[in-house]
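*Asks:* Input my_file-v8.cif, format and content: mmCIF, C-alpha atoms.
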data_start
loop_
_atom_site.label_atom_id
_atom_site.label_comp_id
_atom_site.auth_asym_id
_atom_site.auth_seq_id
_atom_site.Cartn_x
_atom_site.Cartn_y
_atom_site.Cartn_z
CA MET A 26 11.10 46.21 6.62
CA ASN A 27 10.13 49.78 5.96
CA VAL A 28 11.92 51.09 2.90
CA ALA A 29 11.76 54.56 1.39
CA VAL A 30 12.46 54.96 -2.31
CA LEU A 31 13.01 58.63 -3.08
CA GLY A 32 12.07 59.38 -6.69
CA SER A 33 9.03 58.47 -8.78
CA GLY A 34 10.66 57.78 -12.16
CA ILE A 35 11.29 54.40 -13.74
CA VAL A 36 14.06 53.52 -11.29
CA GLY A 37 12.06 54.47 -8.20
CA ARG A 38 8.97 52.64 -9.41
CA THR A 39 10.90 49.49 -10.32
CA LEU A 40 12.67 49.35 -6.95
CA ALA A 41 9.52 50.07 -4.94
CA GLN A 42 7.46 47.52 -6.86
CA LYS A 43 10.07 44.80 -6.39
CA ILE A 44 10.55 45.55 -2.69
CA ALA A 45 6.78 45.57 -2.09
CA SER A 46 6.45 42.28 -3.97
CA LEU A 47 8.82 40.74 -1.39
CA GLY A 48 6.36 41.65 1.37
CA HIS A 49 8.17 44.72 2.64
CA HIS A 50 6.59 48.09 3.21
CA ALA A 51 7.76 50.32 0.35
CA THR A 52 7.08 54.05 0.26
CA ILE A 53 7.88 56.21 -2.75
CA GLY A 54 8.94 59.66 -1.62
CA THR A 55 8.16 62.64 -3.81
CA ARG A 56 8.04 66.42 -3.56
CA ASP A 57 4.29 66.94 -3.91
CA VAL A 58 2.01 63.90 -3.84
CA GLY A 59 -0.99 65.78 -5.22
CA ALA A 60 0.93 67.18 -8.16
CA LEU A 61 2.48 63.78 -8.94
CA MET A 62 -0.91 62.07 -8.92
CA ALA A 63 -2.50 64.82 -11.04
CA ARG A 64 0.10 64.55 -13.83
CA HIS A 65 -1.39 63.08 -17.01
CA GLU A 66 1.45 63.31 -19.52
CA LYS A 67 3.91 60.50 -20.14
CA GLY A 68 7.41 60.82 -18.65
CA PRO A 69 10.58 61.75 -20.55
CA MET A 70 11.39 58.07 -21.15
CA GLY A 71 7.86 57.33 -22.35
CA GLN A 72 6.75 55.92 -19.01
CA ALA A 73 3.08 55.97 -18.00
CA PRO A 74 1.82 58.83 -15.81
CA PHE A 75 2.49 58.00 -12.16
CA ALA A 76 -1.17 57.63 -11.11
CA GLU A 77 -1.73 55.12 -13.91
CA TRP A 78 1.27 53.08 -12.73
CA HIS A 79 0.23 53.39 -9.10
CA ALA A 80 -3.30 52.12 -9.76
CA GLN A 81 -1.69 48.81 -10.69
CA HIS A 82 0.83 48.81 -7.83
CA ASP A 83 -1.17 50.05 -4.87
CA ALA A 84 0.88 48.08 -2.33
CA VAL A 85 3.40 50.90 -2.77
CA VAL A 86 2.64 53.88 -0.53
CA VAL A 87 3.27 57.39 -1.84
CA ALA A 88 4.29 60.18 0.53
CA LYS A 89 6.23 63.41 0.75
CA PHE A 90 10.03 63.02 0.87
CA ALA A 91 10.16 63.76 4.61
CA GLU A 92 7.36 61.36 5.53
CA ALA A 93 8.82 58.58 3.40
CA ALA A 94 12.24 59.00 5.02
CA ALA A 95 10.87 59.34 8.56
CA SER A 96 8.81 56.14 8.35
CA SER A 97 11.59 53.95 6.97
CA GLU A 98 14.63 52.07 8.27
CA PHE A 99 16.51 52.70 5.10
CA VAL A 100 16.37 54.68 1.96
CA PHE A 101 17.10 54.36 -1.76
CA ASN A 102 18.01 57.57 -3.54
CA ALA A 103 16.48 57.18 -7.00
CA THR A 104 15.91 60.86 -7.67
CA ASN A 105 17.17 62.65 -10.76
CA GLY A 106 20.85 63.35 -10.04
CA ALA A 107 20.45 67.05 -10.80
CA GLY A 108 17.80 67.34 -8.07
CA THR A 109 19.15 64.87 -5.53
CA LEU A 110 20.54 67.28 -2.95
CA GLU A 111 17.38 69.35 -2.90
CA ALA A 112 15.26 66.21 -2.54
CA LEU A 113 17.42 64.98 0.34
CA HIS A 114 17.20 68.34 2.09
CA LEU A 115 13.41 68.12 1.75
CA ALA A 116 13.60 64.60 3.20
CA GLY A 117 15.53 66.19 6.07
CA ALA A 118 18.74 65.22 7.83
CA GLU A 119 16.70 64.52 10.97
CA ASN A 120 14.83 61.79 9.07
CA LEU A 121 17.94 60.37 7.39
CA ASN A 122 20.69 60.49 10.02
CA GLY A 123 22.05 57.13 11.09
CA LYS A 124 20.19 55.37 8.28
CA LEU A 125 21.54 53.45 5.33
CA LEU A 126 21.09 55.35 2.06
CA ILE A 127 21.73 53.43 -1.15
CA ASP A 128 22.52 55.98 -3.82
CA VAL A 129 21.58 54.50 -7.20
CA SER A 130 21.44 57.84 -9.06
CA ASN A 131 23.82 59.42 -11.56
CA PRO A 132 24.43 63.14 -12.05
CA LEU A 133 23.44 63.04 -15.72
CA ASP A 134 22.84 66.26 -17.62
CA PHE A 135 20.62 65.74 -20.67
CA SER A 136 20.17 69.49 -21.22
CA LYS A 137 22.61 69.54 -24.14
CA GLY A 138 21.12 66.48 -25.84
CA PHE A 139 22.55 63.01 -26.37
CA PRO A 140 24.88 61.75 -25.09
CA PRO A 141 24.39 63.30 -21.65
CA THR A 142 27.37 64.64 -19.74
CA LEU A 143 27.99 64.46 -16.00
CA LEU A 144 27.25 67.39 -13.69
CA LEU A 145 29.94 66.18 -11.28
CA VAL A 146 32.98 64.37 -12.64
CA ASN A 147 36.67 63.54 -12.29
CA THR A 148 37.35 65.15 -8.89
CA ASP A 149 33.88 64.74 -7.38
CA SER A 150 30.78 62.59 -7.65
CA LEU A 151 27.16 62.57 -6.57
CA GLY A 152 27.89 59.87 -4.02
CA GLU A 153 30.57 62.02 -2.37
CA GLN A 154 28.40 65.12 -2.53
CA ILE A 155 25.62 63.31 -0.67
CA GLN A 156 28.03 61.95 1.95
CA ARG A 157 29.57 65.42 2.49
CA SER A 158 26.16 67.08 2.77
CA PHE A 159 24.81 64.43 5.15
CA PRO A 160 27.82 63.26 7.16
CA ASP A 161 25.68 61.22 9.57
CA VAL A 162 23.96 59.22 6.82
CA ARG A 163 25.54 55.87 5.92
CA VAL A 164 25.84 56.36 2.16
CA VAL A 165 26.57 53.39 -0.11
CA LYS A 166 26.86 53.92 -3.85
CA SER A 167 25.52 50.95 -5.77
CA LEU A 168 23.32 49.80 -8.67
CA ASN A 169 24.00 53.02 -10.63
CA THR A 170 25.84 51.08 -13.35
CA VAL A 171 22.76 49.24 -14.60
CA SER A 172 19.26 50.12 -15.75
CA ALA A 173 16.26 49.63 -13.47
CA ASN A 174 15.19 46.25 -14.86
CA VAL A 175 18.70 44.83 -14.33
CA MET A 176 18.93 46.29 -10.80
CA VAL A 177 16.09 44.16 -9.48
CA ALA A 178 16.46 41.07 -11.69
CA PRO A 179 20.13 40.46 -12.58
CA GLY A 180 19.32 36.79 -13.16
CA ASP A 181 17.24 37.72 -16.21
CA LEU A 182 20.44 38.82 -17.97
CA ALA A 183 22.97 36.09 -18.81
CA ASP A 184 21.88 34.06 -15.78
CA GLY A 185 23.25 36.78 -13.49
CA ASP A 186 26.84 36.15 -14.55
CA HIS A 187 27.90 39.80 -14.28
CA HIS A 188 28.96 42.27 -11.60
CA ILE A 189 27.63 45.03 -9.41
CA PHE A 190 29.72 47.41 -7.31
CA VAL A 191 29.46 48.92 -3.84
CA GLY A 192 31.40 51.92 -2.59
CA GLY A 193 31.23 53.80 0.69
CA ASN A 194 33.03 54.82 3.85
CA ASP A 195 31.14 52.48 6.22
CA ALA A 196 32.24 48.85 5.88
CA VAL A 197 29.26 47.53 7.85
CA ALA A 198 26.85 49.50 5.68
CA LYS A 199 28.43 47.98 2.55
CA GLU A 200 27.99 44.50 4.04
CA GLU A 201 24.33 45.24 4.75
CA VAL A 202 23.77 46.52 1.23
CA SER A 203 25.54 43.51 -0.25
CA GLY A 204 23.22 41.25 1.74
CA LEU A 205 20.15 43.08 0.44
CA LEU A 206 21.41 42.93 -3.14
CA ARG A 207 21.81 39.16 -2.78
CA GLU A 208 18.61 38.39 -0.91
CA TRP A 209 16.17 40.79 -2.49
CA PHE A 210 17.38 41.01 -6.07
CA GLY A 211 19.58 37.95 -6.56
CA TRP A 212 22.96 39.61 -7.20
CA ARG A 213 25.69 36.97 -6.97
CA ASN A 214 28.79 38.95 -7.97
CA ILE A 215 29.41 42.04 -5.85
CA ILE A 216 32.70 43.96 -5.82
CA ASP A 217 33.57 46.36 -3.01
CA LEU A 218 35.56 49.11 -4.76
CA GLY A 219 36.52 51.02 -1.64
CA ASP A 220 35.41 54.29 -0.07
CA ILE A 221 32.80 56.74 -1.35
CA THR A 222 35.30 58.42 -3.72
CA THR A 223 35.01 55.26 -5.85
CA ALA A 224 31.59 56.64 -6.85
CA ARG A 225 33.60 58.71 -9.36
CA GLY A 226 34.52 55.47 -11.10
CA THR A 227 31.03 54.02 -11.30
CA GLU A 228 29.45 57.35 -12.26
CA MET A 229 32.07 58.06 -14.97
CA TYR A 230 31.52 54.56 -16.35
CA LEU A 231 28.12 55.87 -17.44
CA ALA A 232 29.89 57.63 -20.32
CA LEU A 233 30.85 54.19 -21.66
CA TRP A 234 27.58 52.53 -20.65
CA ILE A 235 25.46 55.02 -22.58
CA ARG A 236 27.45 54.43 -25.77
CA LEU A 237 27.29 50.68 -25.33
CA ALA A 238 23.56 50.86 -24.64
CA SER A 239 23.05 53.10 -27.65
CA SER A 240 25.03 50.77 -29.91
CA ILE A 241 22.81 47.78 -29.01
CA GLY A 242 19.47 49.60 -29.04
CA PHE A 243 19.14 50.09 -25.27
CA ARG A 244 18.60 46.43 -24.52
CA PRO A 245 19.60 45.32 -20.99
CA LEU A 246 23.36 45.12 -20.56
CA ASN A 247 25.97 44.93 -17.88
CA ILE A 248 29.63 44.06 -17.53
CA ARG A 249 31.37 41.06 -16.06
CA VAL A 250 34.78 41.81 -14.60
CA VAL A 251 37.28 39.25 -15.86
CA MET A 252 40.46 38.76 -13.83
CA MET B 25 54.44 45.97 -42.47
CA ASN B 26 56.23 49.01 -41.14
CA VAL B 27 54.72 50.09 -37.86
CA ALA B 28 55.63 53.09 -35.71
CA VAL B 29 54.97 52.92 -31.99
CA LEU B 30 55.25 56.40 -30.52
CA GLY B 31 56.25 56.21 -26.86
CA SER B 32 58.96 54.24 -25.05
CA GLY B 33 57.13 53.32 -21.83
CA ILE B 34 55.70 49.94 -20.90
CA VAL B 35 52.86 50.20 -23.42
CA GLY B 36 55.11 51.24 -26.31
CA ARG B 37 57.67 48.55 -25.54
CA THR B 38 55.04 45.82 -25.20
CA LEU B 39 53.36 46.73 -28.49
CA ALA B 40 56.65 47.07 -30.41
CA GLN B 41 58.02 43.81 -29.06
CA LYS B 42 54.86 41.89 -29.97
CA ILE B 43 54.67 43.43 -33.46
CA ALA B 44 58.35 42.71 -34.13
CA SER B 45 57.87 39.12 -32.93
CA LEU B 46 55.28 38.69 -35.70
CA GLY B 47 57.92 39.54 -38.29
CA HIS B 48 56.90 43.12 -38.88
CA HIS B 49 59.24 46.08 -38.84
CA ALA B 50 58.54 47.94 -35.59
CA THR B 51 60.05 51.33 -34.80
CA ILE B 52 59.69 52.98 -31.42
CA GLY B 53 59.47 56.73 -31.84
CA THR B 54 60.87 58.97 -29.14
CA ARG B 55 61.83 62.60 -28.64
CA ASP B 56 65.60 62.18 -28.29
CA VAL B 57 67.12 58.77 -28.97
CA GLY B 58 70.45 59.61 -27.32
CA ALA B 59 68.82 60.83 -24.13
CA LEU B 60 66.51 57.79 -23.99
CA MET B 61 69.44 55.39 -24.42
CA ALA B 62 71.55 57.23 -21.83
CA ARG B 63 68.89 57.04 -19.11
CA HIS B 64 69.92 54.69 -16.30
CA GLU B 65 67.17 55.06 -13.71
CA LYS B 66 64.11 52.82 -13.60
CA GLY B 67 60.83 54.22 -14.94
CA PRO B 68 57.91 55.48 -12.81
CA MET B 69 56.26 52.02 -12.93
CA GLY B 70 59.51 50.30 -11.97
CA GLN B 71 60.34 49.34 -15.55
CA ALA B 72 63.95 48.75 -16.60
CA PRO B 73 65.89 51.59 -18.23
CA PHE B 74 65.13 51.65 -21.95
CA ALA B 75 68.61 50.66 -23.13
CA GLU B 76 68.53 47.60 -20.89
CA TRP B 77 65.18 46.58 -22.36
CA HIS B 78 66.33 47.32 -25.88
CA ALA B 79 69.46 45.18 -25.56
CA GLN B 80 67.11 42.20 -25.24
CA HIS B 81 64.74 43.34 -28.00
CA ASP B 82 67.03 44.63 -30.70
CA ALA B 83 64.65 43.70 -33.54
CA VAL B 84 62.84 46.89 -32.50
CA VAL B 85 64.31 49.99 -34.16
CA VAL B 86 64.47 53.23 -32.18
CA ALA B 87 64.18 56.59 -33.96
CA LYS B 88 63.01 60.14 -33.49
CA PHE B 89 59.24 60.67 -33.61
CA ALA B 90 59.37 62.13 -37.15
CA GLU B 91 61.56 59.36 -38.56
CA ALA B 92 59.45 56.65 -36.97
CA ALA B 93 56.26 58.13 -38.40
CA ALA B 94 57.75 58.81 -41.85
CA SER B 95 59.00 55.27 -42.30
CA SER B 96 55.76 53.53 -41.30
CA GLU B 97 52.42 52.69 -42.86
CA PHE B 98 50.66 53.12 -39.59
CA VAL B 99 51.18 54.38 -36.15
CA PHE B 100 50.31 53.52 -32.55
CA ASN B 101 50.12 56.44 -30.15
CA ALA B 102 51.46 55.06 -26.87
CA THR B 103 52.84 58.32 -25.53
CA ASN B 104 51.95 59.74 -22.13
CA GLY B 105 48.54 61.37 -22.62
CA ALA B 106 49.74 64.67 -21.18
CA GLY B 107 52.44 64.88 -23.86
CA THR B 108 50.64 63.30 -26.80
CA LEU B 109 49.87 66.41 -28.83
CA GLU B 110 53.42 67.68 -28.55
CA ALA B 111 54.79 64.26 -29.55
CA LEU B 112 52.47 64.12 -32.57
CA HIS B 113 53.50 67.61 -33.63
CA LEU B 114 57.13 66.49 -33.43
CA ALA B 115 56.17 63.45 -35.52
CA GLY B 116 54.71 65.95 -37.98
CA ALA B 117 51.41 66.09 -39.83
CA GLU B 118 53.33 65.55 -43.09
CA ASN B 119 54.47 62.17 -41.80
CA LEU B 120 51.08 61.20 -40.35
CA ASN B 121 48.48 62.44 -42.83
CA GLY B 122 46.44 59.74 -44.52
CA LYS B 123 47.76 57.11 -42.14
CA LEU B 124 45.95 55.03 -39.57
CA LEU B 125 46.74 56.10 -36.03
CA ILE B 126 45.63 53.80 -33.22
CA ASP B 127 45.37 55.90 -30.09
CA VAL B 128 45.88 53.63 -27.09
CA SER B 129 46.73 56.43 -24.61
CA ASN B 130 44.72 57.99 -21.80
CA PRO B 131 44.96 61.59 -20.60
CA LEU B 132 45.82 60.57 -17.05
CA ASP B 133 47.09 63.14 -14.57
CA PHE B 134 49.08 61.57 -11.73
CA SER B 135 50.34 64.93 -10.49
CA LYS B 136 47.90 64.98 -7.57
CA GLY B 137 48.62 61.40 -6.52
CA PHE B 138 46.44 58.30 -6.63
CA PRO B 139 43.92 57.85 -8.08
CA PRO B 140 44.81 59.89 -11.16
CA THR B 141 42.27 62.23 -12.71
CA LEU B 142 41.70 62.91 -16.40
CA LEU B 143 43.14 65.98 -18.13
CA LEU B 144 40.31 65.90 -20.66
CA VAL B 145 36.90 64.61 -19.61
CA ASN B 146 33.13 64.71 -20.01
CA THR B 147 32.90 67.06 -23.03
CA ASP B 148 36.22 66.17 -24.68
CA SER B 149 38.76 63.36 -24.90
CA LEU B 150 42.29 62.72 -26.04
CA GLY B 151 41.04 60.80 -29.05
CA GLU B 152 38.95 63.77 -30.18
CA GLN B 153 41.76 66.21 -29.50
CA ILE B 154 44.10 64.21 -31.73
CA GLN B 155 41.50 63.97 -34.50
CA ARG B 156 40.79 67.73 -34.33
CA SER B 157 44.50 68.61 -34.36
CA PHE B 158 45.27 66.21 -37.22
CA PRO B 159 42.10 66.16 -39.34
CA ASP B 160 43.78 64.19 -42.16
CA VAL B 161 44.94 61.37 -39.88
CA ARG B 162 42.63 58.36 -39.61
CA VAL B 163 42.35 58.17 -35.82
CA VAL B 164 40.92 55.07 -34.14
CA LYS B 165 40.68 54.91 -30.37
CA SER B 166 41.27 51.41 -29.08
CA LEU B 167 43.08 49.26 -26.50
CA ASN B 168 43.10 52.11 -23.94
CA THR B 169 40.79 50.16 -21.61
CA VAL B 170 43.36 47.45 -20.80
CA SER B 171 46.95 47.27 -19.57
CA ALA B 172 49.80 46.57 -21.99
CA ASN B 173 50.03 42.83 -21.28
CA VAL B 174 46.32 42.36 -21.99
CA MET B 175 46.50 44.50 -25.18
CA VAL B 176 48.80 42.06 -26.94
CA ALA B 177 47.69 38.78 -25.36
CA PRO B 178 43.96 38.85 -24.53
CA GLY B 179 43.90 35.05 -24.68
CA ASP B 180 46.06 34.88 -21.56
CA LEU B 181 43.16 36.34 -19.55
CA ALA B 182 40.04 34.14 -19.17
CA ASP B 183 40.71 32.53 -22.58
CA GLY B 184 40.06 35.87 -24.28
CA ASP B 185 36.41 35.89 -23.26
CA HIS B 186 36.21 39.68 -22.81
CA HIS B 187 35.80 42.79 -24.94
CA ILE B 188 37.79 45.53 -26.58
CA PHE B 189 36.34 48.67 -28.16
CA VAL B 190 37.02 50.74 -31.27
CA GLY B 191 35.83 54.29 -31.89
CA GLY B 192 36.51 56.67 -34.76
CA ASN B 193 35.04 58.66 -37.62
CA ASP B 194 36.40 56.45 -40.43
CA ALA B 195 34.50 53.17 -40.76
CA VAL B 196 37.15 51.60 -43.01
CA ALA B 197 39.90 52.51 -40.56
CA LYS B 198 37.94 50.84 -37.76
CA GLU B 199 37.61 47.69 -39.88
CA GLU B 200 41.35 47.69 -40.52
CA VAL B 201 42.12 48.12 -36.83
CA SER B 202 39.66 45.37 -35.91
CA GLY B 203 41.45 43.07 -38.35
CA LEU B 204 44.82 43.87 -36.80
CA LEU B 205 43.48 43.32 -33.28
CA ARG B 206 42.24 39.90 -34.33
CA GLU B 207 45.22 38.77 -36.39
CA TRP B 208 48.11 40.21 -34.42
CA PHE B 209 46.90 40.01 -30.86
CA GLY B 210 44.05 37.49 -30.94
CA TRP B 211 41.13 39.70 -29.91
CA ARG B 212 37.86 37.87 -30.59
CA ASN B 213 35.29 40.27 -29.14
CA ILE B 214 35.44 43.78 -30.61
CA ILE B 215 32.67 46.35 -30.21
CA ASP B 216 32.43 49.39 -32.49
CA LEU B 217 31.10 52.13 -30.20
CA GLY B 218 30.66 54.79 -32.89
CA ASP B 219 32.52 57.95 -33.82
CA ILE B 220 35.58 59.45 -32.14
CA THR B 221 33.48 61.16 -29.45
CA THR B 222 33.00 57.67 -27.97
CA ALA B 223 36.62 58.01 -26.79
CA ARG B 224 35.08 59.97 -23.89
CA GLY B 225 33.42 56.74 -22.78
CA THR B 226 36.49 54.53 -22.95
CA GLU B 227 38.75 57.16 -21.38
CA MET B 228 36.29 57.92 -18.56
CA TYR B 229 36.00 54.19 -17.88
CA LEU B 230 39.59 54.46 -16.62
CA ALA B 231 38.21 55.99 -13.42
CA LEU B 232 36.46 52.67 -12.75
CA TRP B 233 39.29 50.54 -14.14
CA ILE B 234 41.88 52.07 -11.82
CA ARG B 235 39.74 51.34 -8.75
CA LEU B 236 39.05 47.80 -9.91
CA ALA B 237 42.74 47.25 -10.63
CA SER B 238 43.67 48.71 -7.27
CA SER B 239 41.16 46.49 -5.43
CA ILE B 240 42.66 43.31 -6.95
CA GLY B 241 46.32 44.30 -6.64
CA PHE B 242 46.84 45.40 -10.26
CA ARG B 243 46.56 41.91 -11.70
CA PRO B 244 45.41 41.76 -15.35
CA LEU B 245 41.72 42.51 -15.74
CA ASN B 246 39.18 43.45 -18.34
CA ILE B 247 35.42 43.50 -18.78
CA ARG B 248 33.09 41.32 -20.75
CA VAL B 249 29.96 43.08 -21.96
CA VAL B 250 26.93 40.97 -21.16
CA MET B 251 23.77 41.61 -23.17
#
How would this structure read if it were set down as structure tokens?
*Replies:*
Amino acid sequence: MNVAVLGSGIVGRTLAQKIASLGHHATIGTRDVGALMARHEKGPMGQAPFAEWHAQHDAVVVAKFAEAAASSEFVFNATNGAGTLEALHLAGAENLNGKLLIDVSNPLDFSKGFPPTLLLVNTDSLGEQIQRSFPDVRVVKSLNTVSANVMVAPGDLADGDHHIFVGGNDAVAKEEVSGLLREWFGWRNIIDLGDITTARGTEMYLALWIRLASSIGFRPLNIRVVM
Amino acid sequence: MNVAVLGSGIVGRTLAQKIASLGHHATIGTRDVGALMARHEKGPMGQAPFAEWHAQHDAVVVAKFAEAAASSEFVFNATNGAGTLEALHLAGAENLNGKLLIDVSNPLDFSKGFPPTLLLVNTDSLGEQIQRSFPDVRVVKSLNTVSANVMVAPGDLADGDHHIFVGGNDAVAKEEVSGLLREWFGWRNIIDLGDITTARGTEMYLALWIRLASSIGFRPLNIRVVM
């Protein structure tokens, strides 16, 4: 399959690397390939400069947002939540319409320090904003409740005995995403929360997640729903 | 011990009943005892009129907010989040100061239908608002992430293999609350999230909880933190 991963941070790299390792064609989409490759400083989370990472993962193609989206059957949104809409407009509705878009981002605002707050909250969410802005894209919110390493390898944490959520307006799209989560990453426990407004729930959970993560030194964590 | 439970809804009744069953002196605090006893209609969640409930649980004393608080060593806030500050002002700082107050409420706003939104969110929380308004009260946020039946009987759900959180500025108060949660209700897994600002996390989690609860027909549920 041809998969676009929009965003070149830790989440985008981790997804693209895993998808490429499965034999698929993974393209990281970014605003300006030349600028990304020329960057020499470490990222805000201490990650290696992109070119350094890419030298070791050259099965992953790097392209402009629009090219990545145009060449792919479906798309992960792993951009910074604050810049997601702009990135998707650069990708272009004409390159996204009709496609499945898995929105794994959160609208986190770190500008006032730790803990971050949410740019959209309570009566709106990033997932809804994307679906409203691109009504012909099949948006599914998922994976945004865990860190990148857990997204692609849930079995490495407590033998995978924990949950991931999907939310979206298109039932078939949610089924397709659930299949990918199982087959590509090994997720066993997937809960369909309902329509895209349920993205409010998974995004607002970040306020608890960040305190939990902080209290255990940012080791991998997730939740198991007990019922 | 003498325990005040402010609030006469399902949460207040469940807590008071359990605490009285342990041999403690439990007083439900309310605005107007006569009016509460005279009410004949069912509550918004279908619960029996208070007097009908109380006839079967007469070990629980009923008193005005101020009397309940004055006569007790510590206090549960189980009032409706939208009316909590007013209820606590009626209880009176002079009757609350120096005491442990376990805030189990959430600032839910059902006025715009389902799902409810939060009246305080993102940069504030009910727990913080209480602590700011009553700086000499030892506020601990806890139990607000589960329904009343799970609060007092965690062992009835998945053998108690799930988590509850405490948050507050007073480390000793959090230890005392953790002890009560263990001894009175049987909680085995308690996570101290940090100071009272962590109430934002547990209150915002309600946006996920309500969608989870809705998707499984409002059966008892909780989360186990996996790490």
*Asks:* Which residue is closest to chain A? Choose from B:Ala197, B:Leu39, B:Ala182, B:Leu132 and count all atoms listed in the file.
*Replies:*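 Of B:Ala197, B:Leu39, B:Ala182, B:Leu132, the one nearest chain A, counting all atoms listed in the file, is B:Ala182.
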*Asks:* Would you translate the PyMOL selection byres ((chain B) within 8 of (chain A)) into the concrete set of residues it matches in this file, as a tab-separated table (two decimals) with C-alpha atoms, in the coordinates of the input?
*Replies:*
chain	number	residue	atom	x	y	z
B	141	THR	CA	42.27	62.23	-12.71
B	142	LEU	CA	41.70	62.91	-16.40
B	145	VAL	CA	36.90	64.61	-19.61
B	146	ASN	CA	33.13	64.71	-20.01
B	147	THR	CA	32.90	67.06	-23.03
B	181	LEU	CA	43.16	36.34	-19.55
B	182	ALA	CA	40.04	34.14	-19.17
B	186	HIS	CA	36.21	39.68	-22.81
B	216	ASP	CA	32.43	49.39	-32.49
B	217	LEU	CA	31.10	52.13	-30.20
B	218	GLY	CA	30.66	54.79	-32.89
B	222	THR	CA	33.00	57.67	-27.97
B	224	ARG	CA	35.08	59.97	-23.89
B	225	GLY	CA	33.42	56.74	-22.78
B	226	THR	CA	36.49	54.53	-22.95
B	228	MET	CA	36.29	57.92	-18.56
B	229	TYR	CA	36.00	54.19	-17.88
B	230	LEU	CA	39.59	54.46	-16.62
B	231	ALA	CA	38.21	55.99	-13.42
B	232	LEU	CA	36.46	52.67	-12.75
B	233	TRP	CA	39.29	50.54	-14.14
B	235	ARG	CA	39.74	51.34	-8.75
B	236	LEU	CA	39.05	47.80	-9.91
B	239	SER	CA	41.16	46.49	-5.43
B	243	ARG	CA	46.56	41.91	-11.70
B	244	PRO	CA	45.41	41.76	-15.35
B	245	LEU	CA	41.72	42.51	-15.74
B	246	ASN	CA	39.18	43.45	-18.34
B	247	ILE	CA	35.42	43.50	-18.78
B	248	ARG	CA	33.09	41.32	-20.75
B	249	VAL	CA	29.96	43.08	-21.96
B	250	VAL	CA	26.93	40.97	-21.16
B	251	MET	CA	23.77	41.61	-23.17
*Asks:* Got a sec to check which residues sit within 7 Å of (23.0, 62.0, -11.4), counting all atoms listed in the file, and write them as a list in words?
*Replies:*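 Those residues lying close to the given coordinates are Asn105, Gly106, Ala107, Ser130, Asn131, Pro132, Leu133 and Leu151 of chain A.
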*Asks:* Near stretch 69-74 of chain B, counting all atoms listed in the file, which residues have an atom at most 8 Å away, once you skip same-chain residues fewer than 4 positions from it, shown as a list in words?
*Replies:*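 Contacts, with the query itself left out: Ser32, Ile34, Leu60, Met61, Arg63, His64, Glu65 and His78 of chain B.
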*Asks:* Okay, now the selection with C-alpha atoms, as a compact mmCIF listing (two decimals), keeping the file's coordinate frame?
*Replies:*
# COMPACT_ATOMS: atom_id res chain seq x y z
CA SER B 32 58.96 54.24 -25.05
CA ILE B 34 55.70 49.94 -20.90
CA LEU B 60 66.51 57.79 -23.99
CA MET B 61 69.44 55.39 -24.42
CA ARG B 63 68.89 57.04 -19.11
CA HIS B 64 69.92 54.69 -16.30
CA GLU B 65 67.17 55.06 -13.71
CA HIS B 78 66.33 47.32 -25.88
*Asks:* Residues at most 10 Å from A:Gly211, counting only C-alpha atoms, excluding those fewer than 5 positions away in the same chain, as a list in words?
*Replies:* Met176, Val177, Ala178, Pro179, Gly180, Asp181, Gly185, Gly204, Leu205 and Leu206 of chain A
*Asks:* Only C-alpha atoms, please: the residues just picked out, written as a PDB file, in the frame of the given file.
*Replies:*
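Heads up, here's the output in selection-v5.pdb:
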ATOM      1  CA  MET A 176      18.930  46.290 -10.800  1.00  0.00           C
ATOM      2  CA  VAL A 177      16.090  44.160  -9.480  1.00  0.00           C
ATOM      3  CA  ALA A 178      16.460  41.070 -11.690  1.00  0.00           C
ATOM      4  CA  PRO A 179      20.130  40.460 -12.580  1.00  0.00           C
ATOM      5  CA  GLY A 180      19.320  36.790 -13.160  1.00  0.00           C
ATOM      6  CA  ASP A 181      17.240  37.720 -16.210  1.00  0.00           C
ATOM      7  CA  GLY A 185      23.250  36.780 -13.490  1.00  0.00           C
ATOM      8  CA  GLY A 204      23.220  41.250   1.740  1.00  0.00           C
ATOM      9  CA  LEU A 205      20.150  43.080   0.440  1.00  0.00           C
ATOM     10  CA  LEU A 206      21.410  42.930  -3.140  1.00  0.00           C
TER      11      LEU A 206
END
*Asks:* Tell me, in Å to one decimal, how far atom CA of B:Gly241 is from atom CA of A:Asp128.
*Replies:*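 Atom CA of B:Gly241 sits 26.7 Å away from atom CA of A:Asp128.
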*Asks:* Just the number, please: distance in Å from atom CA of A:Trp212 to atom CA of A:Val175, one decimal.
*Replies:* 9.8 Å
*Asks:* What does the structure give for the distance between atom CA of A:Gly32 and atom CA of A:Ala103, in Å to one decimal?
*Replies:*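 Value for the atom CA of A:Gly32-atom CA of A:Ala103 distance: 4.9 Å.
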*Asks:* Could you state which residues are captured by the PyMOL selection byres ((chain B and resi 157-164) around 12) in this file, as a ChimeraX atom specification?
*Replies:* /B:93,97-101,108-110,112-113,115-129,150-156,165-168,189-202,216-223
*Asks:* Skipping near chain neighbours, those fewer than 3 positions away, what residues fall within 7 Å of A:Gln42 using all atoms listed in the file, listed as a list in words?
*Replies:*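 What passes the distance filter is Arg38, Thr39, Ala45, Ser46, His82 and Val85 of chain A.
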*Asks:* Put the listed atoms of stretch 42-59 of chain A in a box along x, y and z with 3 Å added on every side and give me the centre and edge lengths in Å to one decimal, as lines of an AutoDock Vina configuration file.
*Replies:*
center_x = 4.8
center_y = 53.8
center_z = -1.8
size_x = 17.5
size_y = 32.2
size_z = 16.1
